[in-house]
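Peer 1: File name my_file16.cif; file contents mmCIF, C-alpha atoms and all ligand atoms; full text below.
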```
data_my_file
loop_
_atom_site.label_atom_id
_atom_site.label_comp_id
_atom_site.auth_asym_id
_atom_site.auth_seq_id
_atom_site.Cartn_x
_atom_site.Cartn_y
_atom_site.Cartn_z
CA MET B 1 -13.34 -0.96 74.80
CA GLN B 2 -10.00 -2.72 74.48
CA GLU B 3 -9.47 -5.73 76.76
CA ILE B 4 -6.12 -6.48 78.35
CA SER B 5 -5.11 -9.51 80.41
CA GLU B 6 -2.77 -9.01 83.36
CA LYS B 7 -1.24 -11.51 85.69
CA SER B 8 0.03 -10.84 89.20
CA ALA B 9 1.35 -12.97 92.03
CA GLY B 10 1.23 -12.46 95.76
CA ILE B 11 1.66 -14.00 99.17
CA ILE B 12 -0.65 -14.35 102.11
CA LEU B 13 2.11 -13.69 104.59
CA PHE B 14 1.79 -14.44 108.29
CA ARG B 15 4.01 -14.54 111.34
CA GLU B 16 3.76 -15.90 114.84
CA GLU B 17 3.72 -13.75 117.94
CA GLY B 18 3.39 -15.88 121.04
CA ASN B 19 0.55 -18.21 120.20
CA LYS B 20 -1.02 -15.70 117.82
CA LYS B 21 -0.83 -15.84 114.03
CA LEU B 22 -0.73 -12.41 112.42
CA PHE B 23 -1.49 -11.73 108.77
CA LEU B 24 0.07 -8.89 106.80
CA LEU B 25 -2.21 -6.52 104.91
CA LEU B 26 -1.27 -3.49 102.84
CA HIS B 27 -3.35 -0.37 102.27
CA TYR B 28 -3.44 0.25 98.52
CA PRO B 29 -3.67 3.84 97.20
CA SER B 30 -7.03 3.07 95.57
CA GLY B 31 -8.38 2.50 99.08
CA HIS B 32 -8.50 -1.25 99.54
CA TRP B 33 -6.67 -3.47 102.03
CA ASP B 34 -5.17 -6.59 100.53
CA PHE B 35 -2.20 -8.93 100.62
CA VAL B 36 1.15 -8.15 99.06
CA LYS B 37 1.10 -8.75 95.31
CA GLY B 38 2.27 -7.38 91.99
CA ARG B 39 2.73 -7.90 88.30
CA ILE B 40 4.65 -10.93 87.03
CA GLU B 41 7.50 -9.64 84.91
CA LYS B 42 9.01 -11.21 81.81
CA GLY B 43 11.28 -14.14 82.64
CA GLU B 44 9.83 -14.67 86.10
CA ASP B 45 7.68 -17.51 87.32
CA GLU B 46 4.80 -16.89 89.70
CA MET B 47 6.76 -17.65 92.84
CA GLN B 48 9.74 -15.50 91.83
CA ALA B 49 7.37 -12.60 91.19
CA ALA B 50 5.66 -13.09 94.56
CA ILE B 51 9.04 -13.12 96.34
CA ARG B 52 10.27 -10.02 94.48
CA GLU B 53 7.05 -8.11 95.11
CA THR B 54 7.17 -8.98 98.80
CA ARG B 55 10.75 -7.72 99.00
CA GLU B 56 9.94 -4.51 97.10
CA GLU B 57 6.67 -3.76 98.87
CA THR B 58 7.57 -4.77 102.44
CA GLY B 59 11.35 -5.25 102.68
CA ILE B 60 10.74 -8.80 103.89
CA ILE B 61 13.07 -11.42 102.45
CA ASP B 62 12.66 -14.38 104.78
CA ILE B 63 9.69 -16.33 103.57
CA ASN B 64 8.98 -20.00 104.04
CA PHE B 65 6.28 -21.17 101.72
CA ILE B 66 3.63 -23.46 103.14
CA GLU B 67 3.31 -26.38 100.76
CA GLY B 68 -0.04 -27.23 99.30
CA PHE B 69 -1.43 -23.73 98.94
CA LYS B 70 -1.75 -22.02 95.56
CA GLU B 71 -4.98 -20.20 94.79
CA LYS B 72 -6.02 -17.99 91.91
CA ILE B 73 -8.48 -15.11 91.98
CA HIS B 74 -9.86 -13.14 89.05
CA TYR B 75 -11.31 -9.67 88.76
CA THR B 76 -11.95 -7.04 86.13
CA TYR B 77 -11.60 -3.28 86.29
CA VAL B 78 -11.45 -0.35 83.91
CA HIS B 79 -8.28 1.73 83.63
CA ASP B 80 -7.42 4.34 80.98
CA ASN B 81 -10.51 3.37 79.02
CA LYS B 82 -9.34 -0.26 78.88
CA ILE B 83 -10.91 -3.31 80.46
CA ILE B 84 -8.26 -5.05 82.55
CA LYS B 85 -8.94 -8.73 83.15
CA LYS B 86 -6.70 -9.70 85.99
CA GLU B 87 -5.61 -13.00 87.43
CA VAL B 88 -3.70 -13.09 90.71
CA VAL B 89 -2.09 -16.25 92.03
CA PHE B 90 -1.52 -16.37 95.78
CA PHE B 91 0.88 -18.47 97.79
CA LEU B 92 0.94 -18.86 101.56
CA GLY B 93 4.10 -18.01 103.47
CA ILE B 94 5.39 -17.61 107.00
CA THR B 95 8.02 -15.06 107.95
CA TYR B 96 10.06 -14.41 111.09
CA SER B 97 10.29 -10.70 110.27
CA SER B 98 7.95 -8.29 111.97
CA GLN B 99 9.48 -5.13 110.57
CA VAL B 100 7.84 -3.89 107.38
CA ILE B 101 9.20 -1.10 105.23
CA ILE B 102 6.50 -0.19 102.77
CA SER B 103 7.32 1.32 99.40
CA ASP B 104 5.65 4.37 97.90
CA GLU B 105 3.19 1.98 96.21
CA HIS B 106 1.23 1.71 99.47
CA ILE B 107 -0.12 3.95 102.19
CA ASP B 108 0.14 1.71 105.23
CA HIS B 109 0.49 -1.82 106.54
CA ILE B 110 -0.96 -3.79 109.42
CA TRP B 111 -0.46 -7.21 111.06
CA LEU B 112 -3.79 -8.66 112.19
CA GLU B 113 -5.14 -11.84 113.70
CA TYR B 114 -7.39 -13.95 111.52
CA GLU B 115 -10.79 -12.48 112.45
CA SER B 116 -9.59 -8.88 112.19
CA ALA B 117 -7.77 -9.58 108.94
CA TYR B 118 -10.94 -11.14 107.57
CA THR B 119 -12.88 -7.98 108.45
CA LYS B 120 -10.18 -5.60 107.22
CA THR B 121 -9.61 -7.10 103.78
CA THR B 122 -11.79 -5.19 101.36
CA TYR B 123 -12.70 -7.75 98.73
CA GLN B 124 -14.65 -10.95 99.20
CA ASN B 125 -12.14 -12.90 97.07
CA ALA B 126 -9.40 -11.92 99.56
CA LYS B 127 -11.59 -12.98 102.48
CA ASN B 128 -12.15 -16.32 100.71
CA LEU B 129 -8.38 -16.78 100.45
CA LEU B 130 -8.06 -16.31 104.21
CA GLN B 131 -10.73 -18.92 104.79
CA LYS B 132 -8.98 -21.32 102.44
CA CYS B 133 -5.61 -21.00 104.18
CA ARG B 134 -6.93 -20.99 107.72
CA SER B 135 -6.50 -24.66 108.53
CA LEU B 136 -2.98 -24.74 107.03
CA VAL B 137 -1.96 -21.68 109.08
CA TYR B 138 -3.23 -23.09 112.34
CA THR B 139 -1.59 -26.46 111.85
CA SER B 140 1.76 -25.11 110.67
P1 LIG G 201 -0.60 -4.97 91.35
O1 LIG G 201 -0.45 -4.90 92.87
O2 LIG G 201 -0.97 -6.35 90.88
O3 LIG G 201 0.54 -4.35 90.62
P2 LIG G 201 -2.28 -2.60 91.09
O4 LIG G 201 -1.84 -2.00 92.38
O5 LIG G 201 -1.85 -1.93 89.83
O6 LIG G 201 -1.94 -4.14 91.02
P3 LIG G 201 -4.91 -3.57 91.75
O7 LIG G 201 -4.56 -3.75 93.20
O8 LIG G 201 -5.16 -4.81 90.95
O9 LIG G 201 -3.86 -2.67 91.01
O10 LIG G 201 -6.15 -2.62 91.68
C1 LIG G 201 -6.71 -2.22 90.42
C2 LIG G 201 -8.20 -2.04 90.61
O11 LIG G 201 -8.80 -3.30 90.90
C3 LIG G 201 -8.59 -1.10 91.75
O12 LIG G 201 -9.71 -0.36 91.34
C4 LIG G 201 -8.98 -2.02 92.86
O13 LIG G 201 -9.93 -1.43 93.69
C5 LIG G 201 -9.50 -3.25 92.14
N1 LIG G 201 -9.17 -4.49 92.88
C6 LIG G 201 -8.02 -4.76 93.51
N2 LIG G 201 -8.05 -5.96 94.09
C7 LIG G 201 -9.25 -6.48 93.82
C8 LIG G 201 -9.90 -7.71 94.16
N3 LIG G 201 -9.27 -8.64 94.89
N4 LIG G 201 -11.16 -7.91 93.70
C9 LIG G 201 -11.78 -6.99 92.96
N5 LIG G 201 -11.24 -5.80 92.61
C10 LIG G 201 -9.99 -5.54 93.03
#
```
If you convert what's in this file into structure tokens, what do you get?
Ligand code: ATP

Peer 2:
Amino acid sequence: MQEISEKSAGIILFREEGNKKLFLLLHYPSGHWDFVKGRIEKGEDEMQAAIRETREETGIIDINFIEGFKEKIHYTYVHDNKIIKKEVVFFLGITYSSQVIISDEHIDHIWLEYESAYTKTTYQNAKNLLQKCRSLVYTS
């Protein structure tokens, strides 16, 4: 089977509500819950792609990146008889927007506190990202 490499970028996006920190998750059509992310297009760097995808997939444009967080995950899946080897780079960002307008690329969205977000995210690599950003989120 043919192997293809793909690269996406995304943001673990959170906001504050009172003293709570709420993380944004999207419900993907293939069934999983994950952070906002998407393919890096020609001419874009990782951060530009993450910002554009966040705008397209959630309508959110105010993002302040938390310095010191940049994590990559890797996974492989089969699509159209091709093996897709995918790398996704994630940044961490805070927003002051609570309103989310999802695109037709997703089914739903939800803002959840850490423990619930950890439970809701489908894949272990996404849960690991939450663990990795936890201390930065709670000190920011
Ligand atoms: P993008 O949002 O980068 O444009 P996409 O929506 O085309 O991507 P993915 O979200 O990468 O596609 O999903 C493609 C396949 O990979 C699906 O079968 C999905 O279940 C699986 N998948 C998605 N995220 C992960 C992950 N973090 N770990 C393992 N498998 C995943």

Peer 1: Write out as a ChimeraX atom specification the residues lying within 7 Å of Lys85 (chain B), counting only C-alpha atoms and excluding same-chain residues fewer than 4 positions away.

Peer 2: /B:4-6,75-77

Peer 1: Find the residue from B:Met1, B:Ile94, B:Val89, B:Ile63 that sits nearest to ligand LIG 201 (chain G); use only C-alpha atoms and all ligand atoms when measuring.

Peer 2: B:Val89

Peer 1: Which chains and residue numbers are within 8 Å of ligand LIG 201 (chain G), counting only C-alpha atoms and all ligand atoms, if I want them as JSON, numbers by chain?

Peer 2: {"B": [7, 8, 9, 28, 29, 30, 31, 32, 34, 36, 37, 38, 39, 73, 74, 75, 76, 77, 78, 79, 86, 88, 105, 122, 123, 124, 125, 126]}

Peer 1: Let me see the file: selected residues, C-alpha atoms, as a PDB file, in the frame of the given file.

Peer 2:
```pdb
ATOM      1  CA  LYS B   7      -1.240 -11.510  85.690  1.00  0.00           C
ATOM      2  CA  SER B   8       0.030 -10.840  89.200  1.00  0.00           C
ATOM      3  CA  ALA B   9       1.350 -12.970  92.030  1.00  0.00           C
ATOM      4  CA  TYR B  28      -3.440   0.250  98.520  1.00  0.00           C
ATOM      5  CA  PRO B  29      -3.670   3.840  97.200  1.00  0.00           C
ATOM      6  CA  SER B  30      -7.030   3.070  95.570  1.00  0.00           C
ATOM      7  CA  GLY B  31      -8.380   2.500  99.080  1.00  0.00           C
ATOM      8  CA  HIS B  32      -8.500  -1.250  99.540  1.00  0.00           C
ATOM      9  CA  ASP B  34      -5.170  -6.590 100.530  1.00  0.00           C
ATOM     10  CA  VAL B  36       1.150  -8.150  99.060  1.00  0.00           C
ATOM     11  CA  LYS B  37       1.100  -8.750  95.310  1.00  0.00           C
ATOM     12  CA  GLY B  38       2.270  -7.380  91.990  1.00  0.00           C
ATOM     13  CA  ARG B  39       2.730  -7.900  88.300  1.00  0.00           C
ATOM     14  CA  ILE B  73      -8.480 -15.110  91.980  1.00  0.00           C
ATOM     15  CA  HIS B  74      -9.860 -13.140  89.050  1.00  0.00           C
ATOM     16  CA  TYR B  75     -11.310  -9.670  88.760  1.00  0.00           C
ATOM     17  CA  THR B  76     -11.950  -7.040  86.130  1.00  0.00           C
ATOM     18  CA  TYR B  77     -11.600  -3.280  86.290  1.00  0.00           C
ATOM     19  CA  VAL B  78     -11.450  -0.350  83.910  1.00  0.00           C
ATOM     20  CA  HIS B  79      -8.280   1.730  83.630  1.00  0.00           C
ATOM     21  CA  LYS B  86      -6.700  -9.700  85.990  1.00  0.00           C
ATOM     22  CA  VAL B  88      -3.700 -13.090  90.710  1.00  0.00           C
ATOM     23  CA  GLU B 105       3.190   1.980  96.210  1.00  0.00           C
ATOM     24  CA  THR B 122     -11.790  -5.190 101.360  1.00  0.00           C
ATOM     25  CA  TYR B 123     -12.700  -7.750  98.730  1.00  0.00           C
ATOM     26  CA  GLN B 124     -14.650 -10.950  99.200  1.00  0.00           C
ATOM     27  CA  ASN B 125     -12.140 -12.900  97.070  1.00  0.00           C
ATOM     28  CA  ALA B 126      -9.400 -11.920  99.560  1.00  0.00           C
TER      29      ALA B 126
END
```

Peer 1: Return the single residue from B:Asn128, B:Ser116, B:Ser97, B:Gln2 that is closest to Asp80 (chain B), with distances computed using all atoms listed in the file.

Peer 2: B:Gln2

Peer 1: With a distance cut-off of 9 Å and only C-alpha atoms, select the neighbouring residues of Lys132 (chain B), excluding the residue or stretch itself and same-chain residues fewer than 5 positions from it, and output the selection as a PyMOL selection string.

Peer 2: chain B and resi 69+71+127

Peer 1: Restricting the calculation to all atoms listed in the file, which member of B:Ser103, B:Asn81, B:Gln48, B:Thr95 is positioned closest to Ile60 (chain B)?

Peer 2: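 Under the stated criterion, the closest residue is B:Thr95.
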
Peer 1: Rank B:Gly43, B:Glu113, B:Gly59, B:Cys133 by their smallest atom-to-atom distance to Gly18 (chain B), using all atoms listed in the file, and report the top residue only.

Peer 2: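 Closest to Gly18 (chain B), using all atoms listed in the file: B:Glu113.
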
Peer 1: One decimal, Å: what's the distance from CA of Trp33 (chain B) over to CA of Ile101 (chain B), could you say?

Peer 2: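 Pair CA of Trp33 (chain B) / CA of Ile101 (chain B) returns 16.4 Å.
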
Peer 1: Please indicate the distance in Å from CA of Leu136 (chain B) to CA of Arg15 (chain B), rounded to one decimal place.

Peer 2: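 These two atoms are separated by 13.1 Å.
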
Peer 1: For Phe91 (chain B), list every protein, DNA or RNA residue within 8 Å, evaluated using only C-alpha atoms, and leave out those in the same chain fewer than 3 positions away; present the list as a VMD selection string.

Peer 2: chain B and resid 9 to 12 47 50 65 to 66 69 to 71

Peer 1: Suppose we keep C-alpha atoms; can you now write the selection as an mmCIF file, in the coordinates of the input?

Peer 2:
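Heads up, here's the output in selection_4.cif:
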```cif
data_model
loop_
_atom_site.group_PDB
_atom_site.id
_atom_site.type_symbol
_atom_site.label_atom_id
_atom_site.label_comp_id
_atom_site.auth_asym_id
_atom_site.auth_seq_id
_atom_site.Cartn_x
_atom_site.Cartn_y
_atom_site.Cartn_z
ATOM 1 C CA ALA B 9 1.350 -12.970 92.030
ATOM 2 C CA GLY B 10 1.230 -12.460 95.760
ATOM 3 C CA ILE B 11 1.660 -14.000 99.170
ATOM 4 C CA ILE B 12 -0.650 -14.350 102.110
ATOM 5 C CA MET B 47 6.760 -17.650 92.840
ATOM 6 C CA ALA B 50 5.660 -13.090 94.560
ATOM 7 C CA PHE B 65 6.280 -21.170 101.720
ATOM 8 C CA ILE B 66 3.630 -23.460 103.140
ATOM 9 C CA PHE B 69 -1.430 -23.730 98.940
ATOM 10 C CA LYS B 70 -1.750 -22.020 95.560
ATOM 11 C CA GLU B 71 -4.980 -20.200 94.790
#
```

Peer 1: Using only C-alpha atoms, collect all residues at a distance of at most 9 Å from (8.7, 0.7, 96.4) as written in the file, then present them as a PyMOL selection string.

Peer 2: chain B and resi 56-58+102-106

Peer 1: Between CA of Asp62 (chain B) and CA of Lys42 (chain B), measure the distance and give it in Å to one decimal.

Peer 2: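 Separating CA of Asp62 (chain B) from CA of Lys42 (chain B) is a distance of 23.5 Å.
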
Peer 1: Take the point (-1.4, -12.2, 112.7) in the file's coordinates, draw a sphere of radius 9 Å around it, and report as a ChimeraX atom specification every protein, DNA or RNA residue with an atom inside or on it, counting all atoms listed in the file.

Peer 2: /B:13-17,20-24,111-114,116-117

Peer 1: Find, counting only C-alpha atoms, the residue in B:Leu25, B:Thr121, B:Gly68, B:Ile84 that gets nearest to Asp108 (chain B).

Peer 2: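 Counting only C-alpha atoms, the residue closest to Asp108 (chain B) is B:Leu25.
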
Peer 1: Could you tell me which of B:Glu67, B:Ile61, B:Ser140, B:Tyr118 comes closest to Gln99 (chain B) if we count only C-alpha atoms?

Peer 2: B:Ile61

Peer 1: Mind rebuilding region 95-114 of chain B with N, CA, C and O atoms and writing that out as a short mmCIF file (atom, residue, chain, number, x, y, z; two decimals), keeping the file's coordinate frame?

Peer 2:
```cif
data_model
loop_
_atom_site.label_atom_id
_atom_site.label_comp_id
_atom_site.auth_asym_id
_atom_site.auth_seq_id
_atom_site.Cartn_x
_atom_site.Cartn_y
_atom_site.Cartn_z
N THR B 95 6.77 -15.81 107.82
CA THR B 95 8.02 -15.06 107.95
C THR B 95 8.36 -14.92 109.43
O THR B 95 7.48 -14.99 110.29
N TYR B 96 9.65 -14.69 109.70
CA TYR B 96 10.06 -14.41 111.09
C TYR B 96 10.32 -12.92 111.26
O TYR B 96 10.67 -12.48 112.34
N SER B 97 10.11 -12.15 110.20
CA SER B 97 10.29 -10.70 110.27
C SER B 97 9.00 -10.05 110.73
O SER B 97 7.92 -10.43 110.29
N SER B 98 9.14 -9.05 111.60
CA SER B 98 7.95 -8.29 111.97
C SER B 98 8.05 -6.87 111.41
O SER B 98 7.05 -6.18 111.25
N GLN B 99 9.28 -6.48 111.09
CA GLN B 99 9.48 -5.13 110.57
C GLN B 99 9.09 -5.05 109.09
O GLN B 99 9.53 -5.90 108.29
N VAL B 100 8.30 -4.08 108.77
CA VAL B 100 7.84 -3.89 107.38
C VAL B 100 8.24 -2.49 106.94
O VAL B 100 7.99 -1.52 107.65
N ILE B 101 8.88 -2.42 105.79
CA ILE B 101 9.20 -1.10 105.23
C ILE B 101 8.42 -0.99 103.93
O ILE B 101 8.79 -1.62 102.92
N ILE B 102 7.33 -0.24 103.97
CA ILE B 102 6.50 -0.19 102.77
C ILE B 102 7.13 0.76 101.74
O ILE B 102 7.85 1.68 102.08
N SER B 103 6.82 0.48 100.49
CA SER B 103 7.32 1.32 99.40
C SER B 103 6.32 2.45 99.16
O SER B 103 5.28 2.52 99.83
N ASP B 104 6.60 3.28 98.18
CA ASP B 104 5.65 4.37 97.90
C ASP B 104 4.44 3.88 97.09
O ASP B 104 3.58 4.66 96.70
N GLU B 105 4.36 2.55 96.89
CA GLU B 105 3.19 1.98 96.21
C GLU B 105 2.01 1.79 97.17
O GLU B 105 0.91 1.45 96.74
N HIS B 106 2.29 1.92 98.48
CA HIS B 106 1.23 1.71 99.47
C HIS B 106 1.20 2.83 100.49
O HIS B 106 2.17 3.58 100.64
N ILE B 107 0.07 2.88 101.21
CA ILE B 107 -0.12 3.95 102.19
C ILE B 107 0.23 3.47 103.59
O ILE B 107 0.67 4.22 104.43
N ASP B 108 -0.01 2.20 103.86
CA ASP B 108 0.14 1.71 105.23
C ASP B 108 0.20 0.18 105.21
O ASP B 108 -0.09 -0.46 104.20
N HIS B 109 0.54 -0.37 106.38
CA HIS B 109 0.49 -1.82 106.54
C HIS B 109 -0.04 -2.14 107.93
O HIS B 109 -0.04 -1.29 108.81
N ILE B 110 -0.47 -3.38 108.10
CA ILE B 110 -0.96 -3.79 109.42
C ILE B 110 -0.83 -5.32 109.54
O ILE B 110 -0.99 -6.04 108.54
N TRP B 111 -0.47 -5.77 110.75
CA TRP B 111 -0.46 -7.21 111.06
C TRP B 111 -1.70 -7.49 111.90
O TRP B 111 -1.88 -6.87 112.96
N LEU B 112 -2.54 -8.40 111.46
CA LEU B 112 -3.79 -8.66 112.19
C LEU B 112 -4.04 -10.14 112.37
O LEU B 112 -3.70 -10.96 111.50
N GLU B 113 -4.70 -10.46 113.49
CA GLU B 113 -5.14 -11.84 113.70
C GLU B 113 -6.25 -12.18 112.70
O GLU B 113 -6.87 -11.27 112.12
N TYR B 114 -6.49 -13.46 112.58
CA TYR B 114 -7.39 -13.95 111.52
C TYR B 114 -8.71 -13.17 111.42
O TYR B 114 -9.05 -12.67 110.34
#
```
